[in-house]
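Shown next: target.cif, given as mmCIF, C-alpha atoms.
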```
data_target
loop_
_atom_site.label_atom_id
_atom_site.label_comp_id
_atom_site.auth_asym_id
_atom_site.auth_seq_id
_atom_site.Cartn_x
_atom_site.Cartn_y
_atom_site.Cartn_z
CA MET L 1 106.68 134.64 136.37
CA PRO L 2 108.49 136.45 133.55
CA ARG L 3 111.94 135.54 134.85
CA LYS L 4 111.23 131.80 134.68
CA VAL L 5 110.00 132.16 131.09
CA ASP L 6 113.23 133.94 130.15
CA HIS L 7 115.28 131.08 131.59
CA GLU L 8 113.28 128.50 129.67
CA GLN L 9 113.60 130.49 126.44
CA ARG L 10 117.35 130.85 126.92
CA ARG L 11 117.80 127.13 127.57
CA ARG L 12 115.83 126.38 124.43
CA ARG L 13 117.91 128.79 122.40
CA ILE L 14 121.03 127.05 123.71
CA ALA L 15 119.60 123.65 122.68
CA GLU L 16 118.92 124.99 119.18
CA ALA L 17 122.48 126.26 118.95
CA VAL L 18 123.76 122.78 119.87
CA TRP L 19 121.59 121.22 117.13
CA VAL L 20 122.98 123.60 114.51
CA ILE L 21 126.59 122.79 115.45
CA VAL L 22 125.96 119.02 115.58
CA ALA L 23 124.07 119.05 112.26
CA LEU L 24 126.79 121.00 110.47
CA ARG L 25 129.98 119.81 112.18
CA GLY L 26 129.18 116.76 114.30
CA LEU L 27 128.97 116.09 118.04
CA ALA L 28 132.73 116.22 118.49
CA ALA L 29 132.73 119.87 117.38
CA VAL L 30 130.44 121.01 120.21
CA SER L 31 132.13 123.26 122.80
CA LEU L 32 130.45 125.58 125.31
CA ARG L 33 132.25 128.49 123.63
CA ASP L 34 130.90 127.66 120.15
CA VAL L 35 127.43 127.04 121.58
CA ALA L 36 127.52 130.53 123.14
CA ALA L 37 128.63 132.08 119.83
CA GLU L 38 125.93 130.24 117.87
CA ALA L 39 123.24 131.22 120.41
CA GLY L 40 124.43 134.83 120.38
CA ILE L 41 125.04 134.97 124.13
CA SER L 42 128.13 135.00 126.34
CA LEU L 43 130.03 131.91 127.47
CA GLY L 44 129.19 132.86 131.07
CA GLN L 45 125.48 132.85 130.26
CA VAL L 46 125.76 129.33 128.81
CA GLN L 47 127.74 128.20 131.86
CA HIS L 48 124.99 129.56 134.11
CA TYR L 49 122.85 126.66 132.85
CA PHE L 50 125.35 124.04 131.72
CA LYS L 51 128.73 123.44 133.34
CA THR L 52 130.00 120.85 130.87
CA LYS L 53 129.69 119.78 127.25
CA ASP L 54 128.02 116.54 128.41
CA GLN L 55 125.35 118.49 130.30
CA VAL L 56 124.49 120.70 127.35
CA LEU L 57 124.44 117.70 124.98
CA ARG L 58 122.11 115.80 127.29
CA TYR L 59 119.71 118.74 127.48
CA ALA L 60 119.84 119.26 123.70
CA GLY L 61 119.03 115.56 123.19
CA GLN L 62 116.18 115.59 125.72
CA ARG L 63 114.75 118.74 124.18
CA LEU L 64 114.85 117.11 120.72
CA VAL L 65 112.79 114.14 121.95
CA GLU L 66 110.42 116.46 123.87
CA LEU L 67 109.88 118.67 120.82
CA ALA L 68 109.17 115.67 118.55
CA GLY L 69 106.53 114.49 121.05
CA GLU L 70 104.95 117.96 121.25
CA GLU L 71 104.84 118.28 117.45
CA LEU L 72 103.19 114.88 117.05
CA ARG L 73 100.55 115.64 119.67
CA ARG L 74 99.89 119.04 118.04
CA SER L 75 99.59 117.54 114.55
CA LEU L 76 97.15 114.86 115.79
CA ALA L 77 95.09 117.41 117.78
CA ALA L 78 94.88 119.75 114.76
CA ARG L 79 92.95 117.21 112.67
CA PRO L 80 89.24 117.84 112.17
CA GLU L 81 88.44 114.42 113.67
CA PRO L 82 90.48 111.96 115.74
CA PRO L 83 92.72 109.91 113.43
CA SER L 84 92.11 106.19 112.95
CA PRO L 85 94.70 103.82 114.47
CA ARG L 86 96.30 103.51 111.03
CA GLY L 87 96.20 107.31 110.67
CA THR L 88 98.01 107.70 114.00
CA ILE L 89 100.81 105.40 112.85
CA ARG L 90 100.99 107.26 109.50
CA ALA L 91 101.33 110.52 111.48
CA VAL L 92 104.29 109.08 113.41
CA ALA L 93 105.90 108.22 110.06
CA GLU L 94 105.22 111.67 108.58
CA GLN L 95 106.77 113.27 111.60
CA THR L 96 109.81 110.98 111.65
CA VAL L 97 110.77 110.98 107.96
CA PRO L 98 112.73 114.21 107.50
CA ALA L 99 111.01 116.23 104.74
CA THR L 100 112.13 119.76 105.65
CA PRO L 101 115.57 121.26 106.35
CA GLU L 102 114.63 121.58 110.06
CA ARG L 103 113.65 117.91 110.25
CA ARG L 104 116.81 116.89 108.38
CA ALA L 105 118.89 118.79 110.91
CA GLY L 106 116.94 117.23 113.77
CA ALA L 107 117.39 113.73 112.33
CA ALA L 108 121.11 114.30 111.74
CA VAL L 109 121.48 115.37 115.38
CA TRP L 110 119.57 112.28 116.45
CA TYR L 111 121.91 109.98 114.47
CA ALA L 112 124.92 111.72 115.92
CA PHE L 113 123.53 110.82 119.36
CA VAL L 114 122.86 107.23 118.26
CA THR L 115 126.44 106.87 116.99
CA ARG L 116 127.76 108.29 120.26
CA ALA L 117 125.51 105.98 122.27
CA VAL L 118 127.39 102.95 120.93
CA THR L 119 130.31 103.83 123.17
CA ALA L 120 128.76 106.25 125.73
CA PRO L 121 126.04 105.09 128.16
CA GLU L 122 124.49 108.55 128.70
CA PRO L 123 122.69 109.18 125.39
CA ALA L 124 121.81 105.46 125.15
CA ALA L 125 119.26 105.74 127.99
CA LEU L 126 117.67 108.82 126.40
CA ILE L 127 117.41 107.05 123.04
CA ARG L 128 115.98 103.85 124.51
CA ASP L 129 113.34 105.86 126.42
CA ALA L 130 112.35 107.71 123.24
CA TRP L 131 112.09 104.42 121.30
CA ALA L 132 110.06 102.83 124.10
CA GLY L 133 107.64 105.80 124.00
CA THR L 134 107.06 105.51 120.24
CA HIS L 135 106.74 101.73 120.52
CA ALA L 136 104.06 102.10 123.22
CA LEU L 137 102.15 104.60 121.06
CA ILE L 138 102.16 102.31 117.99
CA THR L 139 101.29 99.22 120.08
CA GLU L 140 98.29 101.06 121.54
CA ALA L 141 97.16 102.10 118.02
CA LEU L 142 97.37 98.46 116.84
CA ARG L 143 95.39 97.27 119.89
CA ALA L 144 92.73 99.89 119.14
CA ALA L 145 92.63 98.67 115.51
CA GLN L 146 92.13 95.10 116.75
CA ARG L 147 89.29 96.19 119.07
CA ALA L 148 87.68 98.01 116.13
CA GLY L 149 87.96 94.90 113.93
CA GLN L 150 90.37 96.63 111.53
CA LEU L 151 93.32 94.34 112.20
CA ASP L 152 93.81 90.57 112.41
CA HIS L 153 93.38 89.74 116.12
CA ARG L 154 96.04 87.02 115.82
CA LEU L 155 98.79 89.60 115.18
CA ASP L 156 100.95 90.28 118.23
CA PRO L 157 100.56 94.07 118.70
CA ALA L 158 103.91 94.58 120.44
CA LEU L 159 105.85 92.63 117.79
CA SER L 160 103.96 94.24 114.90
CA ALA L 161 104.59 97.65 116.48
CA ALA L 162 108.30 96.81 116.70
CA THR L 163 108.38 96.10 112.96
CA LEU L 164 106.45 99.27 112.11
CA GLN L 165 108.68 101.39 114.30
CA THR L 166 111.78 99.78 112.80
CA VAL L 167 110.55 100.45 109.26
CA ILE L 168 109.81 104.10 110.09
CA ASP L 169 113.10 104.69 111.90
CA GLY L 170 115.10 102.68 109.37
CA LEU L 171 113.96 104.98 106.58
CA VAL L 172 115.45 108.07 108.23
CA PRO L 173 119.12 107.45 107.35
CA GLN L 174 118.04 106.44 103.82
CA VAL L 175 116.42 109.86 103.38
CA LEU L 176 119.27 111.72 105.07
CA VAL L 177 121.84 110.15 102.74
CA GLY L 178 119.71 110.75 99.63
CA HIS L 179 118.95 107.08 98.95
CA ARG L 180 115.18 107.80 98.97
CA THR L 181 113.07 110.96 98.81
CA PRO L 182 110.73 111.59 101.76
CA ALA L 183 107.77 110.68 99.48
CA GLU L 184 109.42 107.37 98.51
CA ALA L 185 110.08 106.65 102.18
CA LEU L 186 106.43 107.24 103.08
CA SER L 187 105.36 104.93 100.23
CA VAL L 188 107.46 102.17 101.84
CA VAL L 189 105.58 102.82 105.10
CA ASP L 190 102.23 102.72 103.26
CA HIS L 191 103.20 99.47 101.55
CA HIS L 192 103.98 97.95 104.93
CA LEU L 193 100.77 99.33 106.49
CA ASP L 194 98.82 97.80 103.57
CA LEU L 195 100.39 94.44 104.32
CA VAL L 196 99.73 94.65 108.08
CA PHE L 197 96.15 95.85 107.68
CA SER L 198 95.30 93.47 104.80
CA THR L 199 95.59 90.32 106.90
CA PRO L 200 92.21 88.73 107.62
CA THR L 201 90.44 90.14 110.68
CA MET F 202 153.68 87.94 93.50
CA PRO F 203 154.65 88.20 97.17
CA ARG F 204 155.16 91.97 97.06
CA LYS F 205 151.61 92.63 95.87
CA VAL F 206 150.20 90.46 98.61
CA ASP F 207 152.17 92.42 101.21
CA HIS F 208 150.71 95.67 99.90
CA GLU F 209 147.19 94.30 100.07
CA GLN F 210 147.72 92.99 103.58
CA ARG F 211 149.12 96.31 104.71
CA ARG F 212 146.21 98.26 103.27
CA ARG F 213 143.81 95.92 105.03
CA ARG F 214 145.64 96.33 108.32
CA ILE F 215 145.36 100.11 107.88
CA ALA F 216 141.61 99.79 107.25
CA GLU F 217 141.25 97.72 110.44
CA ALA F 218 143.13 100.37 112.39
CA VAL F 219 140.72 103.02 111.09
CA TRP F 220 137.73 100.91 112.19
CA VAL F 221 139.12 100.54 115.72
CA ILE F 222 139.65 104.30 116.06
CA VAL F 223 136.21 105.15 114.64
CA ALA F 224 134.47 102.55 116.80
CA LEU F 225 136.14 103.75 119.99
CA ARG F 226 136.55 107.48 119.42
CA GLY F 227 134.49 108.47 116.36
CA LEU F 228 135.32 109.57 112.82
CA ALA F 229 136.51 113.00 113.92
CA ALA F 230 139.31 111.36 115.94
CA VAL F 231 140.90 109.69 112.89
CA SER F 232 144.31 111.08 111.93
CA LEU F 233 146.98 109.45 109.74
CA ARG F 234 149.30 109.54 112.75
CA ASP F 235 146.86 107.67 115.02
CA VAL F 236 146.06 105.20 112.24
CA ALA F 237 149.77 104.43 111.91
CA ALA F 238 150.10 103.94 115.67
CA GLU F 239 147.04 101.67 115.82
CA ALA F 240 148.28 99.62 112.83
CA GLY F 241 151.76 99.35 114.36
CA ILE F 242 153.51 100.89 111.34
CA SER F 243 155.16 104.23 110.62
CA LEU F 244 153.33 107.36 109.49
CA GLY F 245 155.39 107.27 106.28
CA GLN F 246 154.16 103.75 105.55
CA VAL F 247 150.54 104.88 105.92
CA GLN F 248 151.23 107.89 103.68
CA HIS F 249 152.66 105.57 101.04
CA TYR F 250 149.08 104.38 100.47
CA PHE F 251 146.92 107.25 101.70
CA LYS F 252 147.83 110.92 101.43
CA THR F 253 144.86 112.32 103.35
CA LYS F 254 142.42 111.44 106.09
CA ASP F 255 139.60 111.46 103.50
CA GLN F 256 141.44 108.89 101.36
CA VAL F 257 142.01 106.50 104.24
CA LEU F 258 138.42 106.92 105.44
CA ARG F 259 137.09 106.17 101.95
CA TYR F 260 139.17 103.02 101.71
CA ALA F 261 138.16 101.90 105.21
CA GLY F 262 134.50 102.39 104.28
CA GLN F 263 134.84 100.55 100.96
CA ARG F 264 136.66 97.70 102.66
CA LEU F 265 133.89 97.42 105.26
CA VAL F 266 131.26 97.02 102.51
CA GLU F 267 133.49 94.60 100.56
CA LEU F 268 134.09 92.46 103.66
CA ALA F 269 130.38 92.29 104.50
CA GLY F 270 129.69 91.08 100.95
CA GLU F 271 132.46 88.47 101.14
CA GLU F 272 131.20 87.19 104.51
CA LEU F 273 127.64 86.87 103.22
CA ARG F 274 128.73 84.96 100.11
CA ARG F 275 130.92 82.68 102.24
CA SER F 276 128.14 81.99 104.74
CA LEU F 277 125.69 81.16 101.93
CA ALA F 278 128.22 78.95 100.12
CA ALA F 279 129.05 77.06 103.33
CA ARG F 280 125.51 75.69 103.68
CA PRO F 281 124.96 72.03 102.82
CA GLU F 282 122.34 73.01 100.23
CA PRO F 283 121.49 76.29 98.52
CA PRO F 284 119.28 78.38 100.83
CA SER F 285 115.65 79.07 99.95
CA PRO F 286 114.78 82.66 98.97
CA ARG F 287 113.52 83.22 102.50
CA GLY F 288 116.72 81.63 103.86
CA THR F 289 118.82 84.03 101.79
CA ILE F 290 117.00 87.03 103.26
CA ARG F 291 117.37 85.58 106.77
CA ALA F 292 121.12 85.22 106.09
CA VAL F 293 121.33 88.94 105.19
CA ALA F 294 119.62 89.73 108.51
CA GLU F 295 121.94 87.41 110.50
CA GLN F 296 124.91 89.08 108.92
CA THR F 297 123.63 92.62 109.45
CA VAL F 298 122.41 92.43 113.04
CA PRO F 299 125.56 92.85 115.14
CA ALA F 300 125.85 89.82 117.44
CA THR F 301 129.61 89.79 118.09
CA PRO F 302 132.04 92.50 119.27
CA GLU F 303 133.56 92.60 115.74
CA ARG F 304 130.15 93.11 114.14
CA ARG F 305 129.26 95.76 116.74
CA ALA F 306 132.44 97.63 115.90
CA GLY F 307 131.74 97.29 112.17
CA ALA F 308 128.18 98.55 112.61
CA ALA F 309 129.33 101.46 114.76
CA VAL F 310 131.81 102.42 112.04
CA TRP F 311 129.04 102.17 109.47
CA TYR F 312 126.77 104.52 111.47
CA ALA F 313 129.60 106.97 111.88
CA PHE F 314 129.84 107.04 108.06
CA VAL F 315 126.07 107.44 107.75
CA THR F 316 126.11 110.38 110.16
CA ARG F 317 128.97 111.97 108.25
CA ALA F 318 127.17 111.37 104.94
CA VAL F 319 124.42 113.75 105.99
CA THR F 320 126.77 116.67 105.44
CA ALA F 321 129.56 115.13 103.27
CA PRO F 322 128.87 113.83 99.74
CA GLU F 323 131.77 111.36 99.67
CA PRO F 324 130.58 108.59 102.01
CA ALA F 325 126.98 109.11 100.82
CA ALA F 326 127.73 107.54 97.41
CA LEU F 327 129.45 104.55 99.04
CA ILE F 328 126.48 104.04 101.38
CA ARG F 329 123.89 104.36 98.62
CA ASP F 330 125.78 101.82 96.49
CA ALA F 331 125.94 99.36 99.38
CA TRP F 332 122.21 99.77 100.04
CA ALA F 333 121.42 99.35 96.35
CA GLY F 334 123.41 96.09 96.32
CA THR F 335 121.53 94.61 99.28
CA HIS F 336 118.23 95.80 97.85
CA ALA F 337 118.96 94.04 94.54
CA LEU F 338 119.87 90.82 96.39
CA ILE F 339 116.63 90.81 98.43
CA THR F 340 114.52 91.78 95.38
CA GLU F 341 116.00 88.85 93.44
CA ALA F 342 115.25 86.47 96.37
CA LEU F 343 111.62 87.67 96.44
CA ARG F 344 111.29 87.21 92.64
CA ALA F 345 112.68 83.67 93.00
CA ALA F 346 110.14 83.00 95.77
CA GLN F 347 107.33 84.23 93.49
CA ARG F 348 108.54 81.97 90.66
CA ALA F 349 108.60 79.04 93.11
CA GLY F 350 105.03 79.81 94.25
CA GLN F 351 106.21 80.64 97.79
CA LEU F 352 105.14 84.28 97.71
CA ASP F 353 102.01 86.16 96.64
CA HIS F 354 102.66 87.12 93.02
CA ARG F 355 100.76 90.40 93.55
CA LEU F 356 103.44 91.70 95.94
CA ASP F 357 105.79 94.24 94.33
CA PRO F 358 109.23 92.62 94.83
CA ALA F 359 111.17 95.92 94.78
CA LEU F 360 108.86 97.59 97.31
CA SER F 361 108.69 94.50 99.54
CA ALA F 362 112.48 94.26 99.37
CA ALA F 363 112.73 97.91 100.42
CA THR F 364 110.63 97.18 103.51
CA LEU F 365 112.63 94.08 104.38
CA GLN F 366 115.92 95.89 103.95
CA THR F 367 114.65 98.80 106.04
CA VAL F 368 113.55 96.47 108.83
CA ILE F 369 116.91 94.71 108.85
CA ASP F 370 118.96 97.93 108.73
CA GLY F 371 116.65 99.72 111.16
CA LEU F 372 117.32 97.07 113.80
CA VAL F 373 121.05 97.73 113.81
CA PRO F 374 121.05 100.96 115.87
CA GLN F 375 118.50 99.37 118.24
CA VAL F 376 120.95 96.55 118.95
CA LEU F 377 123.96 98.89 119.13
CA VAL F 378 122.27 101.07 121.74
CA GLY F 379 121.05 98.09 123.77
CA HIS F 380 117.34 98.56 123.04
CA ARG F 381 117.10 94.97 121.73
CA THR F 382 119.31 91.90 121.93
CA PRO F 383 120.48 90.41 118.61
CA ALA F 384 118.06 87.48 119.17
CA GLU F 385 115.15 89.88 119.73
CA ALA F 386 116.12 91.79 116.58
CA LEU F 387 116.10 88.57 114.52
CA SER F 388 112.68 87.67 115.93
CA VAL F 389 111.38 91.01 114.58
CA VAL F 390 112.79 90.01 111.16
CA ASP F 391 111.16 86.56 111.41
CA HIS F 392 107.86 88.12 112.39
CA HIS F 393 108.04 90.34 109.32
CA LEU F 394 109.09 87.44 107.06
CA ASP F 395 106.11 85.43 108.41
CA LEU F 396 103.81 88.27 107.42
CA VAL F 397 105.33 88.67 103.94
CA PHE F 398 105.36 84.94 103.21
CA SER F 399 101.90 84.26 104.73
CA THR F 400 100.04 86.29 102.11
CA PRO F 401 98.09 84.06 99.69
CA THR F 402 100.12 82.84 96.71
#
```

Translate this structure into structure tokens?
Amino acid sequence: MPRKVDHEQRRRRIAEAVWVIVALRGLAAVSLRDVAAEAGISLGQVQHYFKTKDQVLRYAGQRLVELAGEELRRSLAARPEPPSPRGTIRAVAEQTVPATPERRAGAAVWYAFVTRAVTAPEPAALIRDAWAGTHALITEALRAAQRAGQLDHRLDPALSAATLQTVIDGLVPQVLVGHRTPAEALSVVDHHLDLVFSTPT
Amino acid sequence: MPRKVDHEQRRRRIAEAVWVIVALRGLAAVSLRDVAAEAGISLGQVQHYFKTKDQVLRYAGQRLVELAGEELRRSLAARPEPPSPRGTIRAVAEQTVPATPERRAGAAVWYAFVTRAVTAPEPAALIRDAWAGTHALITEALRAAQRAGQLDHRLDPALSAATLQTVIDGLVPQVLVGHRTPAEALSVVDHHLDLVFSTPT
């Protein structure tokens, strides 16, 4: 179905154009016209898929979350052997802390959505779903670590996962603003993982 | 010096007007004209203190940081006895997690600055300074806890403070977006404090 593939590719190119505009000029600067110019297609072609700014923003946000999930799954699958529970959580951190220009742009777009979500209900649901997904992944890794005797069985996996997720996510603005390098941010994660995994099993 | 006091009050009222606009409509929506209208004074009166949008934004950001520091010192001083090191860190968390409409607005303004700081150097310095101040406060509390035998002396205070600060700050967007209630956010902080303070001294 070559036509369907073309549509999907065009929608993805539109999402990428939105990210570039948001990263460089903020969410408020997004217009269908500028998205078309950035994507190198006509306004009519953008409007074929997205009638309003809100629609194109929602898709660009969803695609950002989707892409992050795909990248994480790919990076875990590419390892020679399945990662340990701790290794899975480290992989989430490596993928979340923005170490490349692309990741910085992605993270900046994400924070623009978070800031907007304070007053707009639409991106809030998307963001909560994404957080719930990461939380479930980390909780499952901690449960697996407990079953394998690598983690104190008295630790509450959901609450410990909440802390880990908060540490990982909380480092992102610190890296974006230049308060910490990506390597320093990952050493904070490792320090916290040491603490969590050093409790008596 | 009644005239000086008037000036200070007027500048503060202008800062509050900026916060309201940023919280409701975002940083991009701030104009000197709208700030004047929100503050209930003339455009000329605003321009007496601030010539540009960047100047008024900088002041509004500085004032936000200043006010948070004042509130924390007041809340610590109001206690019947000096708080323990752990109590001091808990107080930072209570003050940071936005539990009232005013705090929500303040936090939303803060995140708007963080998002802007990704591409603009000006607010980045302000944000890094504010983070460095909180980090120093938490590091000092952890050192005091080590001296008092309340905390494992092998823990690196600066690195442990970084994790604590990241947990506290990382909870703020989660509360803003409705992913966690303020009480749930503070229970994540308590869970982490339990872990930090439960390591053998």

Under the PyMOL selection byres ((chain F) within 7 of (chain L)), which residues of this model are included? Write them out as a count of residues only. 26

Please compute the atom CA of Leu352 of chain F-atom CA of Arg287 of chain F distance, one decimal, in Å. 9.7 Å

Within 9 Å of (111.1, 84.6, 97.0) in the file's own coordinates, which protein, DNA or RNA residues have an atom, counting all atoms listed in the file? List them as JSON, numbers by chain. {"F": [285, 286, 287, 290, 339, 340, 341, 342, 343, 344, 345, 346, 347, 348, 349, 350, 351, 352, 358, 398]}

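Between atom CA of Glu267 of chain F and atom CA of Ala279 of chain F the interatomic distance comes to 18.3 Å.
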
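Picture a line from atom CA of Leu67 of chain L to atom CA of Thr52 of chain L; it runs 22.6 Å.
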
Assuming the chain letters and numbering stay as they are in my file, what does the PyMOL selection byres ((chain F and resi 296) around 10) actually select? List them as an NGL selection string. :F and (269-270 or 272-273 or 276 or 290-295 or 297-300 or 304 or 369)

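The residues caught by the PyMOL selection byres ((chain L and resi 7-19) around 8) in this file are L:Arg3, L:Lys4, L:Val5, L:Asp6, L:Val20, L:Ile21, L:Val22, L:Ala23, L:Val30, L:Val35, L:Ala36, L:Glu38, L:Ala39, L:Val46, L:Tyr49, L:Val56, L:Leu57, L:Tyr59, L:Ala60, L:Arg63, L:Ala105, L:Gly106, L:Val109.
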